[in-house]
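Have a look at start-v1.txt; it's compact mmCIF, C-alpha atoms and all ligand atoms:
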```
# COMPACT_ATOMS: atom_id res chain seq x y z
CA MET A 1 23.67 -72.74 -125.41
CA THR A 2 20.35 -70.99 -125.46
CA SER A 3 18.36 -70.81 -128.63
CA THR A 4 17.13 -67.80 -130.55
CA ILE A 5 14.45 -69.89 -132.29
CA ASP A 6 11.11 -70.14 -130.48
CA LEU A 7 10.62 -73.62 -129.06
CA GLY A 8 7.15 -73.02 -127.67
CA HIS A 9 6.15 -72.84 -124.03
CA PHE A 10 3.05 -74.76 -123.11
CA VAL A 11 1.94 -75.10 -119.51
CA SER A 12 -0.96 -77.51 -119.55
CA GLY A 13 -2.92 -79.98 -121.62
CA ASP A 14 -3.23 -83.70 -122.30
CA VAL A 15 0.35 -85.01 -122.27
CA ILE A 16 -0.32 -86.82 -125.55
CA ASP A 17 -1.22 -83.55 -127.29
CA LEU A 18 1.82 -81.78 -125.82
CA ILE A 19 4.16 -84.54 -126.98
CA LEU A 20 2.62 -84.52 -130.46
CA THR A 21 2.99 -80.73 -130.64
CA ASP A 22 6.71 -81.14 -129.96
CA HIS A 23 6.93 -83.93 -132.55
CA VAL A 24 5.52 -81.56 -135.20
CA ARG A 25 8.09 -78.99 -134.10
CA PHE A 26 10.89 -81.59 -134.43
CA GLU A 27 9.78 -82.30 -138.00
CA SER A 28 9.67 -78.62 -138.84
CA LEU A 29 13.16 -78.01 -137.40
CA LEU A 30 14.56 -81.00 -139.30
CA ARG A 31 13.10 -79.60 -142.51
CA GLN A 32 14.77 -76.24 -141.79
CA LEU A 33 18.00 -78.09 -141.05
CA ARG A 34 17.86 -79.72 -144.49
CA ASP A 35 17.30 -76.33 -146.14
CA SER A 36 20.68 -74.85 -147.11
CA SER A 37 19.18 -71.33 -147.19
CA SER A 38 18.31 -71.35 -143.48
CA ASP A 39 20.56 -70.43 -140.57
CA ARG A 40 21.54 -74.04 -140.02
CA ASP A 41 23.75 -73.28 -137.05
CA ALA A 42 20.86 -71.64 -135.17
CA VAL A 43 18.51 -74.44 -136.22
CA ARG A 44 20.81 -77.23 -135.03
CA ARG A 45 21.21 -75.52 -131.66
CA ALA A 46 17.45 -75.07 -131.30
CA PHE A 47 16.81 -78.67 -132.33
CA ALA A 48 19.35 -79.87 -129.76
CA GLU A 49 17.67 -78.01 -126.89
CA LEU A 50 14.23 -79.29 -127.82
CA HIS A 51 15.39 -82.88 -128.39
CA VAL A 52 17.25 -83.19 -125.11
CA ALA A 53 14.53 -81.44 -123.06
CA HIS A 54 11.69 -83.43 -124.61
CA ALA A 55 13.41 -86.81 -124.35
CA THR A 56 14.59 -86.19 -120.78
CA ALA A 57 11.09 -85.19 -119.63
CA GLU A 58 9.65 -88.28 -121.31
CA GLU A 59 12.17 -90.58 -119.65
CA GLU A 60 11.90 -88.99 -116.20
CA LEU A 61 8.13 -88.54 -116.06
CA VAL A 62 6.09 -89.94 -118.94
CA TYR A 63 7.50 -93.42 -119.46
CA PRO A 64 7.51 -94.27 -115.71
CA LYS A 65 3.89 -93.10 -115.28
CA LEU A 66 2.74 -95.06 -118.34
CA ARG A 67 4.47 -98.12 -116.90
CA THR A 68 2.74 -97.84 -113.53
CA LYS A 69 -0.55 -97.47 -115.40
CA ARG A 70 0.40 -100.60 -117.37
CA ALA A 71 -0.04 -98.83 -120.70
CA ILE A 72 3.49 -99.78 -121.76
CA THR A 73 5.94 -102.52 -120.80
CA ALA A 74 9.44 -102.14 -119.36
CA HIS A 75 10.77 -103.23 -122.75
CA GLU A 76 8.89 -100.46 -124.55
CA ALA A 77 10.16 -97.82 -122.10
CA GLU A 78 13.72 -99.14 -122.43
CA HIS A 79 13.46 -99.20 -126.22
CA GLY A 80 12.25 -95.60 -126.26
CA THR A 81 15.21 -94.60 -124.08
CA GLU A 82 17.61 -96.39 -126.44
CA GLU A 83 16.13 -94.53 -129.38
CA HIS A 84 16.57 -91.20 -127.56
CA ALA A 85 20.24 -92.15 -127.07
CA GLU A 86 20.57 -92.95 -130.78
CA GLY A 87 18.97 -89.58 -131.60
CA ASN A 88 21.40 -87.81 -129.27
CA GLU A 89 24.34 -89.64 -130.85
CA ALA A 90 23.23 -88.55 -134.34
CA LEU A 91 22.63 -85.04 -132.99
CA LEU A 92 26.16 -84.91 -131.58
CA ALA A 93 27.56 -85.72 -135.03
CA VAL A 94 25.64 -82.72 -136.43
CA LEU A 95 26.82 -80.42 -133.61
CA GLU A 96 30.47 -81.49 -133.89
CA LEU A 97 30.84 -80.31 -137.50
CA LYS A 98 32.41 -76.89 -137.97
CA GLY A 99 30.82 -75.94 -141.28
CA THR A 100 27.14 -76.31 -142.13
CA ASP A 101 27.53 -76.11 -145.93
CA THR A 102 29.44 -79.33 -146.51
CA GLU A 103 28.56 -82.80 -147.71
CA ALA A 104 29.56 -84.12 -144.29
CA PHE A 105 26.93 -81.86 -142.74
CA ASP A 106 24.25 -83.07 -145.16
CA ASP A 107 25.19 -86.69 -144.38
CA ALA A 108 25.02 -86.09 -140.62
CA VAL A 109 21.65 -84.34 -140.99
CA GLU A 110 20.34 -87.27 -143.02
CA GLU A 111 21.35 -89.70 -140.26
CA LEU A 112 19.71 -87.45 -137.64
CA CYS A 113 16.48 -87.35 -139.66
CA LYS A 114 16.50 -91.14 -139.96
CA ALA A 115 17.00 -91.70 -136.23
CA VAL A 116 14.48 -89.10 -135.09
CA ASN A 117 11.76 -89.86 -137.66
CA HIS A 118 12.02 -93.56 -136.81
CA HIS A 119 11.58 -92.80 -133.12
CA LEU A 120 8.66 -90.39 -133.61
CA ALA A 121 6.77 -92.99 -135.62
CA GLU A 122 7.48 -95.79 -133.18
CA GLU A 123 6.68 -93.71 -130.09
CA GLU A 124 3.38 -92.54 -131.55
CA LEU A 125 2.43 -96.10 -132.54
CA THR A 126 3.60 -98.11 -129.54
CA ILE A 127 3.59 -95.62 -126.65
CA LEU A 128 1.12 -92.81 -127.32
CA ASN A 129 -1.64 -95.06 -128.73
CA PRO A 130 -1.75 -97.32 -125.67
CA ALA A 131 -1.47 -94.25 -123.41
CA ARG A 132 -4.58 -92.84 -125.08
CA ASP A 133 -6.40 -96.16 -124.69
CA ASP A 134 -5.30 -97.15 -121.19
CA VAL A 135 -4.75 -93.93 -119.22
CA GLY A 136 -7.61 -91.65 -118.15
CA LEU A 137 -7.78 -88.02 -119.21
CA GLN A 138 -7.26 -86.68 -115.69
CA VAL A 139 -3.96 -88.52 -115.31
CA ARG A 140 -2.91 -87.46 -118.81
CA VAL A 141 -3.60 -83.82 -117.93
CA GLU A 142 -1.66 -84.07 -114.64
CA LEU A 143 1.18 -85.69 -116.53
CA GLY A 144 0.95 -82.97 -119.17
CA GLU A 145 1.54 -80.31 -116.56
CA ALA A 146 4.56 -82.12 -115.11
CA PHE A 147 5.98 -82.83 -118.58
CA ALA A 148 5.57 -79.20 -119.68
CA LYS A 149 7.18 -77.87 -116.50
CA ARG A 150 10.25 -80.10 -116.78
CA ARG A 151 10.63 -79.58 -120.54
CA ASN A 152 10.37 -75.77 -120.21
CA GLU A 153 12.76 -75.70 -117.26
CA LEU A 154 15.42 -77.68 -119.16
CA ILE A 155 15.10 -75.39 -122.19
CA ALA A 156 15.26 -72.27 -119.99
CA GLN A 157 18.42 -73.42 -118.22
CA GLY A 158 20.07 -74.66 -121.43
CA CYS A 159 20.45 -78.44 -121.64
CA ALA A 160 22.12 -79.15 -124.98
CA SER A 161 25.37 -77.27 -125.48
CA LEU A 162 28.05 -79.23 -127.34
CA THR A 163 29.68 -80.06 -124.00
CA GLN A 164 26.36 -81.19 -122.51
CA VAL A 165 25.46 -83.37 -125.51
CA ARG A 166 28.94 -84.95 -125.47
CA ALA A 167 28.41 -85.86 -121.81
CA ILE A 168 24.90 -87.22 -122.48
CA VAL A 169 26.22 -89.47 -125.27
CA ARG A 170 29.16 -90.60 -123.12
CA ASP A 171 26.76 -91.56 -120.31
CA ALA A 172 24.49 -93.40 -122.74
CA GLU A 173 27.48 -95.37 -124.04
CA ARG A 174 28.45 -96.25 -120.49
CA GLU A 175 24.93 -97.41 -119.73
CA GLY A 176 24.95 -99.66 -122.82
CA LEU A 177 22.11 -97.73 -124.48
CA LEU A 178 24.03 -97.48 -127.74
CA ASP A 179 24.82 -101.19 -128.12
CA ASP A 180 23.12 -103.21 -130.87
CA GLU A 181 22.73 -100.21 -133.10
CA ASP A 182 21.52 -102.34 -135.99
CA ASP A 183 18.99 -104.04 -133.76
CA ASP A 184 16.46 -101.21 -133.74
CA GLU A 185 13.94 -102.79 -136.07
CA ASP A 186 11.34 -103.78 -133.48
FE FE A 201 8.40 -87.87 -127.95
FE FE A 202 10.62 -89.96 -127.32
```
Would you give me this structure, written as structure tokens?
Amino acid sequence: MTSTIDLGHFVSGDVIDLILTDHVRFESLLRQLRDSSSDRDAVRRAFAELHVAHATAEEELVYPKLRTKRAITAHEAEHGTEEHAEGNEALLAVLELKGTDTEAFDDAVEELCKAVNHHLAEEELTILNPARDDVGLQVRVELGEAFAKRRNELIAQGCASLTQVRAIVRDAEREGLLDDEDDDED
């Protein structure tokens, strides 16, 4: 489902800045999702598109490049991917609910905020900091262009309808990315 809320469209820049710009947008959308006076249905659909596009582009392009540059370990990349899966699972719970003015909706939004805020903090601390320290600006700019292209393309084609998010969560379950849900402390 395509979104009526503007999700931004950057084309170039240091990949770290582009990722952080999206993180700020995630936080803003989550705040709107908590606000019962906003159009929560439109906000959840916009959040879904941005979350899936951003996480997919990170997994396909950013994490592998940071690994080859030895900025992050395989464990850190895998952990980031698991946290994306947990975010998608919490997102699915929000998308599955019919009404947006119920206690069940508030509870699902709270779980989504927990999962996503945890990941944003951890990614900025353990992935973006070493990327800034260990990867040169030229590579970060090249990576920024590739990240932006993939992210924009996924948003333009629509990557997070209810059916698509169900399939993403099913695949993550199959791949074992949602095991050890309580073991996300590190
Ligand atoms: Fe991110
Ligand atoms: Fe991420």
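Every residue having at least one atom no farther than 8 Å from ligand FE 201 (chain A) is included below, with only C-alpha atoms and all ligand atoms taken into account: Ile19, Leu20, Asp22, His23, His54, Ala55, Glu58, His119, Leu120, Glu123 and Glu124 of chain A.
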* Kindly work out which residues sit at most 12 Å from ligand FE 202 (chain A), using all atoms listed in the file, and give the list as number ranges by chain. => A: 16, 19-20, 22-23, 26, 50-63, 76-88, 115-128
Problem - Contact residues around A:Gly144 with all atoms listed in the file at 9 Å, ignoring same-chain residues under 3 positions, as a PyMOL selection string - result: chain A and resi 11-19+62+139-141+147-149
Restrict the calculation to only C-alpha atoms, then for each residue of stretch 98-168 of chain A with any atom at most 8 Å from an atom of stretch 70-73 of chain A give the closest atom pair and their distance in Å to one decimal, rows by chain and rising residue number, as a Markdown table.
```
| residue | atom | partner | partner_atom | distance |
| --- | --- | --- | --- | --- |
| A:Thr126 | CA | A:Ile72 | CA | 8.0 |
| A:Ile127 | CA | A:Ile72 | CA | 6.4 |
| A:Pro130 | CA | A:Ala71 | CA | 5.5 |
| A:Ala131 | CA | A:Ala71 | CA | 5.5 |
| A:Asp133 | CA | A:Ala71 | CA | 8.0 |
| A:Asp134 | CA | A:Ala71 | CA | 5.5 |
| A:Val135 | CA | A:Ala71 | CA | 7.0 |
```
